[in-house]
Each structure stands twice: as structure tokens, then as C-alpha cells.
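See below for the structure under consideration.
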Amino acid sequence: MAELIDMNIFQKEFDMGQTVIKVDQDTIFKMKKHYHSSISSKQPPHATFVAKKNGLTITAYTSGKVMFQGDQHEEEASLWGSGVKSNNKKKSSGEPELPKFLSQDHIGSDEAGTGDYFGPITVGAVFATAQQQELLRELGVQDSKNMKDDTIKKIVKDILKTDIVYSTVTLSNEKYNSLKQKNWSQVRMKAWMHHQAIKHVIGKLDGQESKGILVDKFCEPGIFYNKIRASNEQPLEGMTFLTKGESKSTCVAAASMLARYRFVQEMDKLSGMVGFNLQKGASNIVDKQIKRIINSKGEPFLDKIAKVHFANTDKAKKL
């Protein structure tokens, strides 16, 4: 049985909407089993589990209280019981409701590799009809950040068997480093890549109509448009930018998986070039691998496999 909770006991301010419910231990057990693939290894004191799913964080406490924070918190909480909404800053700030085209035929785009020292940046763009989106969800399409690379590979292979329209763009490390020397920011690179991937998809539509374009937001729209104009092109019409777009649009989620799939493919190739598996991200493990590569192949070799302006380069040289 679920009961309402007095939200006054929660003093901390949150940056997102939330729902809190109270459930019995049997329900906690069922929830833990239900969210097992999304459970995080990090959890606060007195928590039974923390799960992260599609832009939503679920925290279950030993007391039986369960907090749902983020996108569609009320809907997810309603699966287990009733609750009280608190601090829904999105609505109070006047942010508009989600555009209607997200449930219709539309294009979505997302990128991967921007925070990784090794490997390229990849962007995916996908057009899918409402019916195709339902199929993509059946195949397991969701936010790639919540999934392991092996799972992404398996699902993407199924995606590629469908008749969706898609495009991927890869910016090699050598080209990336060359653009950095020409004072291109990473934001400008990403804007250009999204623009190109979406253009490629539009060029393949062959008479099909897209009701809108959603880009997973990484900068303000005005900045995005300025970056495109700086490259002597005109921005596309009908674009919308939303944070955590992959949790709001199946097309963006599919694009994020395609981008990640291409990134992992390129990382495998680069790992073959150096003779060992390159670490993703930008941790101190990466620093040690950089030092190993410098010692064996020389520092100039990094230009072929890495984003050399990252601070990891200097850290590695000081090891």
C-alpha cells in the first residue's frame, strides 16, 4: 500500500520536479528487481538502491520512502503508488510544454565522444514516423547513456535492419585537432556536425514530411545558429533544442545510440593502432595510457587518436 508523504520533511532544494511515495518492503523488493539494469553503484546513506533511467533518478530508502526525480517523475511514481509533487521548477519558470511533433514523424539528433580524450566526435540523426518510433521502442531504443556498449551494439544492429532514415557524421581526431588550431570551439564543431547529419537525413526523405527537428541541447539556439552562419551556411528551419532530448524523443534516443555505436567502432580501430584497449573518458587511467603511448610512439602520434588540447596531455607528460 502507498501513502502520501508530507514533503516538508525534505529541506533540500532540487533543480527538477519530484514525486515521493511511501511503500512497503515487498514493493521495494519488486522495484529493485524491476530497475536492476539501471541501478547505480553510488547511493546516499540509508538508501536501499538508486536507479537512473531515461533522465529519471529513483532513490529508495530503508524507511520505505521512494523519491522520483527528473523527467516524467509523476508517471513513473504512479506505477507504484501515489505521491506529492514538489519543486517542479520547469513549470514555475514558464518553460513551454513539450512540442507536439515529438509524438509525430520527426527528426532527432545527438552526439557522442565529446568528453572522451581518445576517439572522435560522432553525431547521429534519425527520422522516424510515429509507427517506426513504436518499433524502435520495442527494439529497446532508449537513452544510450544508461546502457552498456555491448547492449547498444546489439540494438543498433536491429535498428539498421529497419527502414528508418538516418545519417552519422564522424570527426576524426586529426581533423578535430586541425580545427582547434584554427580556433574552432568544440561547440562550433558539434553544431556543424549536427547541421550536416540533419541535412543528410532531409536529403534522403524522398517526399516524406518531417513535422519537426529536435536537437539534444548542448548550447543556446542563438549560439548554434551563429556557428552555422559562421561557416557560410543558413540554419535549418523548424529546429527545437531540449536538454535530455534522448529521454523526450525516440528519434533522439535512436540517434544517440547510433552516435555511440559509431564512436565505439572508431575506438576499436584506434585501439588496434596502439596495440591495447584505449580507455574511454578522461580519467587518470587515460593519463597513464597517454604516457605509455608517448614513450612507445612519440607525442606527435597522439594527434591521430586523441583530442590533444584536453588537460590529460599535460598531466601525462608530468607523470
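Each chain in the C-alpha cells gets a letter, A, B and so on, in the order shown; residues start at 1 in every chain, and ligands are counted from 1 in the order they appear.
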
For range 47-59 of chain A, please output as a PDB file with N, CA and C atoms, in the first residue's frame all residues within 8 Å (counting only C-alpha atoms; exclusion window: fewer than 6 positions along the same chain).
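So the final result, stored in out.pdb, reads:
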ATOM      1  N   LYS A  32      13.312  -2.928  -6.870  1.00  0.00           N
ATOM      2  CA  LYS A  32      14.736  -3.197  -7.083  1.00  0.00           C
ATOM      3  C   LYS A  32      14.938  -4.208  -8.210  1.00  0.00           C
ATOM      4  N   TYR A  35      14.137  -2.393 -11.603  1.00  0.00           N
ATOM      5  CA  TYR A  35      15.126  -1.428 -12.072  1.00  0.00           C
ATOM      6  C   TYR A  35      16.554  -1.976 -12.035  1.00  0.00           C
ATOM      7  N   HIS A  36      16.707  -3.273 -11.909  1.00  0.00           N
ATOM      8  CA  HIS A  36      18.040  -3.848 -11.658  1.00  0.00           C
ATOM      9  C   HIS A  36      19.079  -3.441 -12.699  1.00  0.00           C
ATOM     10  N   SER A  38      19.366  -0.688 -14.199  1.00  0.00           N
ATOM     11  CA  SER A  38      19.667   0.750 -14.150  1.00  0.00           C
ATOM     12  C   SER A  38      20.210   1.191 -12.800  1.00  0.00           C
ATOM     13  N   ILE A  39      20.452   0.239 -11.907  1.00  0.00           N
ATOM     14  CA  ILE A  39      20.882   0.586 -10.548  1.00  0.00           C
ATOM     15  C   ILE A  39      22.317   1.097 -10.553  1.00  0.00           C
ATOM     16  N   SER A  40      22.538   2.201  -9.831  1.00  0.00           N
ATOM     17  CA  SER A  40      23.856   2.822  -9.725  1.00  0.00           C
ATOM     18  C   SER A  40      24.638   2.231  -8.553  1.00  0.00           C
ATOM     19  N   SER A  41      25.960   2.200  -8.696  1.00  0.00           N
ATOM     20  CA  SER A  41      26.818   1.692  -7.616  1.00  0.00           C
ATOM     21  C   SER A  41      26.952   2.709  -6.488  1.00  0.00           C
ATOM     22  N   VAL A  66      10.317   6.463  -1.306  1.00  0.00           N
ATOM     23  CA  VAL A  66      10.935   6.376  -2.629  1.00  0.00           C
ATOM     24  C   VAL A  66      10.761   7.718  -3.323  1.00  0.00           C
ATOM     25  N   MET A  67      11.869   8.297  -3.784  1.00  0.00           N
ATOM     26  CA  MET A  67      11.852   9.595  -4.440  1.00  0.00           C
ATOM     27  C   MET A  67      12.121   9.433  -5.934  1.00  0.00           C
ATOM     28  N   PHE A  68      11.246  10.009  -6.749  1.00  0.00           N
ATOM     29  CA  PHE A  68      11.392  10.013  -8.201  1.00  0.00           C
ATOM     30  C   PHE A  68      11.718  11.444  -8.615  1.00  0.00           C
ATOM     31  N   GLN A  69      12.864  11.646  -9.256  1.00  0.00           N
ATOM     32  CA  GLN A  69      13.292  12.985  -9.668  1.00  0.00           C
ATOM     33  C   GLN A  69      13.605  13.004 -11.158  1.00  0.00           C
ATOM     34  N   GLY A  70      13.139  14.058 -11.836  1.00  0.00           N
ATOM     35  CA  GLY A  70      13.506  14.228 -13.239  1.00  0.00           C
ATOM     36  C   GLY A  70      12.312  14.104 -14.164  1.00  0.00           C
ATOM     37  N   ASP A  71      12.604  13.683 -15.384  1.00  0.00           N
ATOM     38  CA  ASP A  71      11.590  13.636 -16.431  1.00  0.00           C
ATOM     39  C   ASP A  71      10.520  12.596 -16.119  1.00  0.00           C
ATOM     40  N   GLN A  72       9.260  12.995 -16.241  1.00  0.00           N
ATOM     41  CA  GLN A  72       8.107  12.095 -16.079  1.00  0.00           C
ATOM     42  C   GLN A  72       8.107  11.403 -14.723  1.00  0.00           C
ATOM     43  N   HIS A  73       8.498  12.166 -13.673  1.00  0.00           N
ATOM     44  CA  HIS A  73       8.563  11.593 -12.333  1.00  0.00           C
ATOM     45  C   HIS A  73       7.204  11.139 -11.833  1.00  0.00           C
ATOM     46  N   GLN A 142      16.502   3.558 -26.195  1.00  0.00           N
ATOM     47  CA  GLN A 142      16.364   4.476 -25.078  1.00  0.00           C
ATOM     48  C   GLN A 142      17.651   5.278 -24.954  1.00  0.00           C
ATOM     49  N   ASP A 143      17.773   6.066 -23.916  1.00  0.00           N
ATOM     50  CA  ASP A 143      18.961   6.882 -23.707  1.00  0.00           C
ATOM     51  C   ASP A 143      20.204   5.995 -23.638  1.00  0.00           C
ATOM     52  N   ASN A 146      22.445   5.284 -20.445  1.00  0.00           N
ATOM     53  CA  ASN A 146      22.038   4.326 -19.420  1.00  0.00           C
ATOM     54  C   ASN A 146      22.326   2.886 -19.823  1.00  0.00           C
ATOM     55  N   LYS A 244      18.391  16.835 -22.379  1.00  0.00           N
ATOM     56  CA  LYS A 244      17.981  15.438 -22.204  1.00  0.00           C
ATOM     57  C   LYS A 244      16.979  15.035 -23.273  1.00  0.00           C
ATOM     58  N   GLU A 246      17.145  12.879 -25.464  1.00  0.00           N
ATOM     59  CA  GLU A 246      17.032  11.442 -25.685  1.00  0.00           C
ATOM     60  C   GLU A 246      15.956  10.812 -24.797  1.00  0.00           C
ATOM     61  N   SER A 247      15.575  11.495 -23.710  1.00  0.00           N
ATOM     62  CA  SER A 247      14.512  10.980 -22.845  1.00  0.00           C
ATOM     63  C   SER A 247      13.148  11.527 -23.255  1.00  0.00           C
TER      64      SER A 247
END

Between range 160-272 of chain A and range 293-305 of chain A, at 8 Å or less, what are the per-residue closest atom pairs and their distances in Å? Count only C-alpha atoms, order by chain and rising residue number, and return it as JSON lines.
{"residue": "A:Ser172", "atom": "CA", "partner": "A:Lys304", "partner_atom": "CA", "distance": 7.9}
{"residue": "A:Asn173", "atom": "CA", "partner": "A:Lys304", "partner_atom": "CA", "distance": 5.6}
{"residue": "A:Glu174", "atom": "CA", "partner": "A:Lys304", "partner_atom": "CA", "distance": 5.1}
{"residue": "A:Asn177", "atom": "CA", "partner": "A:Asp303", "partner_atom": "CA", "distance": 6.8}
{"residue": "A:Leu270", "atom": "CA", "partner": "A:Ile305", "partner_atom": "CA", "distance": 6.3}

Deliver the residues from the most recent selection as a file, using all heavy atoms, as an mmCIF file, in the first residue's frame.
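File again.cif, as written:
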data_model
loop_
_atom_site.group_PDB
_atom_site.id
_atom_site.type_symbol
_atom_site.label_atom_id
_atom_site.label_comp_id
_atom_site.auth_asym_id
_atom_site.auth_seq_id
_atom_site.Cartn_x
_atom_site.Cartn_y
_atom_site.Cartn_z
ATOM 1 N N SER A 172 37.201 12.953 -37.327
ATOM 2 C CA SER A 172 38.414 12.258 -36.903
ATOM 3 C C SER A 172 39.240 13.128 -35.963
ATOM 4 O O SER A 172 39.109 14.353 -35.946
ATOM 5 C CB SER A 172 39.264 11.880 -38.119
ATOM 6 O OG SER A 172 39.834 13.055 -38.700
ATOM 7 N N ASN A 173 40.104 12.482 -35.214
ATOM 8 C CA ASN A 173 40.945 13.232 -34.277
ATOM 9 C C ASN A 173 41.892 14.184 -34.995
ATOM 10 O O ASN A 173 42.127 15.320 -34.532
ATOM 11 C CB ASN A 173 41.737 12.273 -33.396
ATOM 12 C CG ASN A 173 40.858 11.557 -32.398
ATOM 13 O OD1 ASN A 173 40.576 10.366 -32.542
ATOM 14 N ND2 ASN A 173 40.375 12.273 -31.391
ATOM 15 N N GLU A 174 42.432 13.765 -36.126
ATOM 16 C CA GLU A 174 43.330 14.647 -36.867
ATOM 17 C C GLU A 174 42.600 15.900 -37.332
ATOM 18 O O GLU A 174 43.129 17.022 -37.234
ATOM 19 C CB GLU A 174 43.941 13.899 -38.058
ATOM 20 C CG GLU A 174 44.997 12.871 -37.649
ATOM 21 C CD GLU A 174 45.625 12.197 -38.846
ATOM 22 O OE1 GLU A 174 44.896 11.496 -39.568
ATOM 23 O OE2 GLU A 174 46.847 12.377 -39.059
ATOM 24 N N ASN A 177 41.785 18.151 -34.229
ATOM 25 C CA ASN A 177 42.938 18.917 -33.763
ATOM 26 C C ASN A 177 43.295 20.041 -34.728
ATOM 27 O O ASN A 177 43.723 21.125 -34.316
ATOM 28 C CB ASN A 177 44.126 17.981 -33.547
ATOM 29 C CG ASN A 177 43.883 17.010 -32.397
ATOM 30 O OD1 ASN A 177 43.329 17.378 -31.369
ATOM 31 N ND2 ASN A 177 44.301 15.767 -32.570
ATOM 32 N N LEU A 270 41.135 2.512 -33.249
ATOM 33 C CA LEU A 270 42.267 3.218 -32.653
ATOM 34 C C LEU A 270 43.008 2.334 -31.656
ATOM 35 O O LEU A 270 44.236 2.390 -31.556
ATOM 36 C CB LEU A 270 41.794 4.504 -31.972
ATOM 37 C CG LEU A 270 41.140 5.546 -32.892
ATOM 38 C CD1 LEU A 270 40.703 6.763 -32.086
ATOM 39 C CD2 LEU A 270 42.095 5.973 -34.003
#

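Distance annotation: of A:Thr313, A:Gln181, A:Ser249, A:Gln186, the residue with the minimal separation from Asp216 in chain A is A:Ser249; atom set is only C-alpha atoms.
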
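Among A:Val274, A:Gly222, A:Val264, A:Val308, the residue with the shortest atom-to-atom distance to Arg292 in chain A, counting only C-alpha atoms, is A:Val274.
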
request  = Pick out each residue of range 17-222 of chain A that DSSP on the backbone tags as helix (DSSP H, G or I); I need them as a ChimeraX atom specification.
outcome  = /A:25-34,36-38,73-77,89-92,100-103,130-139,144-146,149-159,173-181,186-204,221-222

inquiry  = Just want the 12 Å neighbourhood of Ser283 in chain A, counted on only C-alpha atoms, with same-chain residues fewer than 2 positions away dropped. Output as JSON, numbers by chain.
reply    = {"A": [115, 116, 117, 118, 278, 279, 280, 281, 285, 286, 287, 288, 289, 290, 310, 311, 312, 313, 315, 316]}

Generate a file of the selected residues that holds N, CA and C atoms, formatted as a PDB file, in the first residue's frame.
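As a result, result-v8.pdb now contains:
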ATOM      1  N   GLY A 115      33.355  14.156 -24.528  1.00  0.00           N
ATOM      2  CA  GLY A 115      34.102  14.219 -23.281  1.00  0.00           C
ATOM      3  C   GLY A 115      35.202  13.188 -23.174  1.00  0.00           C
ATOM      4  N   ASP A 116      35.451  12.467 -24.258  1.00  0.00           N
ATOM      5  CA  ASP A 116      36.477  11.413 -24.264  1.00  0.00           C
ATOM      6  C   ASP A 116      37.774  11.942 -24.849  1.00  0.00           C
ATOM      7  N   TYR A 117      38.877  11.690 -24.158  1.00  0.00           N
ATOM      8  CA  TYR A 117      40.188  12.129 -24.650  1.00  0.00           C
ATOM      9  C   TYR A 117      40.540  11.392 -25.938  1.00  0.00           C
ATOM     10  N   PHE A 118      40.428  10.083 -25.915  1.00  0.00           N
ATOM     11  CA  PHE A 118      40.694   9.287 -27.112  1.00  0.00           C
ATOM     12  C   PHE A 118      39.432   9.193 -27.956  1.00  0.00           C
ATOM     13  N   LEU A 278      42.020   1.229 -25.588  1.00  0.00           N
ATOM     14  CA  LEU A 278      42.042   2.603 -25.091  1.00  0.00           C
ATOM     15  C   LEU A 278      40.881   2.837 -24.133  1.00  0.00           C
ATOM     16  N   GLN A 279      41.169   3.565 -23.062  1.00  0.00           N
ATOM     17  CA  GLN A 279      40.171   3.865 -22.046  1.00  0.00           C
ATOM     18  C   GLN A 279      39.258   5.001 -22.512  1.00  0.00           C
ATOM     19  N   LYS A 280      37.971   4.815 -22.321  1.00  0.00           N
ATOM     20  CA  LYS A 280      37.028   5.893 -22.636  1.00  0.00           C
ATOM     21  C   LYS A 280      37.022   6.909 -21.495  1.00  0.00           C
ATOM     22  N   GLY A 281      36.548   8.115 -21.775  1.00  0.00           N
ATOM     23  CA  GLY A 281      36.503   9.149 -20.763  1.00  0.00           C
ATOM     24  C   GLY A 281      37.797   9.943 -20.695  1.00  0.00           C
ATOM     25  N   ILE A 285      43.384   7.026 -15.501  1.00  0.00           N
ATOM     26  CA  ILE A 285      43.797   5.842 -16.276  1.00  0.00           C
ATOM     27  C   ILE A 285      44.183   6.277 -17.686  1.00  0.00           C
ATOM     28  N   VAL A 286      43.444   7.221 -18.217  1.00  0.00           N
ATOM     29  CA  VAL A 286      43.754   7.775 -19.540  1.00  0.00           C
ATOM     30  C   VAL A 286      45.124   8.435 -19.519  1.00  0.00           C
ATOM     31  N   ASP A 287      45.435   9.174 -18.440  1.00  0.00           N
ATOM     32  CA  ASP A 287      46.745   9.832 -18.324  1.00  0.00           C
ATOM     33  C   ASP A 287      47.875   8.815 -18.436  1.00  0.00           C
ATOM     34  N   LYS A 288      47.710   7.683 -17.775  1.00  0.00           N
ATOM     35  CA  LYS A 288      48.743   6.639 -17.794  1.00  0.00           C
ATOM     36  C   LYS A 288      48.880   6.031 -19.191  1.00  0.00           C
ATOM     37  N   GLN A 289      47.749   5.884 -19.886  1.00  0.00           N
ATOM     38  CA  GLN A 289      47.816   5.344 -21.248  1.00  0.00           C
ATOM     39  C   GLN A 289      48.494   6.337 -22.190  1.00  0.00           C
ATOM     40  N   ILE A 290      48.229   7.624 -21.974  1.00  0.00           N
ATOM     41  CA  ILE A 290      48.881   8.650 -22.801  1.00  0.00           C
ATOM     42  C   ILE A 290      50.398   8.561 -22.624  1.00  0.00           C
ATOM     43  N   PHE A 310      42.978  18.542 -24.518  1.00  0.00           N
ATOM     44  CA  PHE A 310      42.496  18.189 -23.194  1.00  0.00           C
ATOM     45  C   PHE A 310      43.645  18.280 -22.188  1.00  0.00           C
ATOM     46  N   ALA A 311      43.329  18.584 -20.955  1.00  0.00           N
ATOM     47  CA  ALA A 311      44.349  18.722 -19.901  1.00  0.00           C
ATOM     48  C   ALA A 311      45.100  17.411 -19.649  1.00  0.00           C
ATOM     49  N   ASN A 312      44.513  16.300 -20.077  1.00  0.00           N
ATOM     50  CA  ASN A 312      45.170  14.999 -19.865  1.00  0.00           C
ATOM     51  C   ASN A 312      46.544  14.932 -20.502  1.00  0.00           C
ATOM     52  N   THR A 313      46.740  15.628 -21.609  1.00  0.00           N
ATOM     53  CA  THR A 313      48.043  15.594 -22.279  1.00  0.00           C
ATOM     54  C   THR A 313      49.139  16.115 -21.375  1.00  0.00           C
ATOM     55  N   LYS A 315      48.979  16.473 -18.096  1.00  0.00           N
ATOM     56  CA  LYS A 315      49.056  15.638 -16.906  1.00  0.00           C
ATOM     57  C   LYS A 315      49.916  14.413 -17.159  1.00  0.00           C
ATOM     58  N   ALA A 316      49.740  13.820 -18.342  1.00  0.00           N
ATOM     59  CA  ALA A 316      50.504  12.614 -18.685  1.00  0.00           C
ATOM     60  C   ALA A 316      51.992  12.906 -18.784  1.00  0.00           C
TER      61      ALA A 316
END

Determine, counting only C-alpha atoms, which protein, DNA and RNA residues have an atom within 8 Å of an atom of Val187 in chain A; residues of the same chain fewer than 2 positions away are not included. Present the result as an mmCIF file with N, CA and C atoms, in the first residue's frame.
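Output file out.cif is given in full below:
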data_model
loop_
_atom_site.group_PDB
_atom_site.id
_atom_site.type_symbol
_atom_site.label_atom_id
_atom_site.label_comp_id
_atom_site.auth_asym_id
_atom_site.auth_seq_id
_atom_site.Cartn_x
_atom_site.Cartn_y
_atom_site.Cartn_z
ATOM 1 N N SER A 185 35.816 26.196 -31.689
ATOM 2 C CA SER A 185 35.445 25.630 -30.395
ATOM 3 C C SER A 185 34.760 24.289 -30.623
ATOM 4 N N MET A 189 32.143 22.862 -33.653
ATOM 5 C CA MET A 189 32.278 21.573 -34.335
ATOM 6 C C MET A 189 30.997 20.761 -34.218
ATOM 7 N N LYS A 190 30.446 20.697 -33.019
ATOM 8 C CA LYS A 190 29.234 19.918 -32.812
ATOM 9 C C LYS A 190 28.062 20.510 -33.592
ATOM 10 N N ALA A 191 27.936 21.838 -33.577
ATOM 11 C CA ALA A 191 26.853 22.479 -34.330
ATOM 12 C C ALA A 191 26.951 22.130 -35.812
ATOM 13 N N PHE A 218 22.992 21.331 -26.436
ATOM 14 C CA PHE A 218 24.329 21.485 -25.849
ATOM 15 C C PHE A 218 24.765 22.946 -25.816
ATOM 16 N N CYS A 219 23.946 23.832 -26.385
ATOM 17 C CA CYS A 219 24.192 25.275 -26.326
ATOM 18 C C CYS A 219 22.873 25.988 -26.622
ATOM 19 N N PHE A 224 24.007 28.253 -31.558
ATOM 20 C CA PHE A 224 24.011 27.208 -32.592
ATOM 21 C C PHE A 224 23.866 27.836 -33.976
#

Those of range 113-299 of chain A in DSSP strand (DSSP E or B), formatted as a list in words =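 Selection result, strand (DSSP E or B) within range 113-299 of chain A: Phe118, Ile121, Thr122, Val123, Gly124, Ala125, Val126, Phe127, Ala128, Val165, Tyr166, Ser167, Thr168, Val169, Thr170, Leu171, Ile213, Leu214, Val215, Asp216, Met239, Thr240, Phe241 and Leu242 of chain A.
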
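With only C-alpha atoms as the atoms that count, the residue of A:Ala282, A:Ile228, A:Ile198, A:Ala254 with the shortest distance to Gly212 in chain A is A:Ile198.
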
ask   = Could you state the separation of CA of Ile121 in chain A and CA of Ile164 in chain A in Å, given to one decimal place?
value = 22.6 Å

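Nearest to Lys154 in chain A of all the residues A:Ala128, A:Gly140, A:Lys65, A:Pro221 is A:Gly140, counting only C-alpha atoms.
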
message = Excluding Ser144 in chain A and its own-chain neighbours fewer than 3 positions away, which residues fall within 10 Å of it when counting only C-alpha atoms? Please give them as a PyMOL selection string.
response = chain A and resi 54+112+141+147-149+151-152+246-247+253-261

ask   = Which residues, written as a list in words, have at least one atom at most 9 Å from Leu236 in chain A, with only C-alpha atoms counted and residues fewer than 4 positions away on the same chain left out?
value = His195, Ile198, Lys199 and Tyr225 of chain A

ask   = Contacts of Ser109 in chain A at 6 Å or less, counting only C-alpha atoms, minus same-chain residues fewer than 5 places along, as a ChimeraX atom specification?
value = /A:124-125,215,252,255

task = Select, from A:Ala77, A:Thr129, A:Asp206, A:Thr62, the residue with the minimum atom-to-atom distance to His106 in chain A, counting only C-alpha atoms.
result = A:Thr129

request  = Record the distance separating CA of Met31 in chain A and CA of Trp80 in chain A, expressed in Å with one decimal.
outcome  =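 Computing it gives 8.3 Å between the two atoms.
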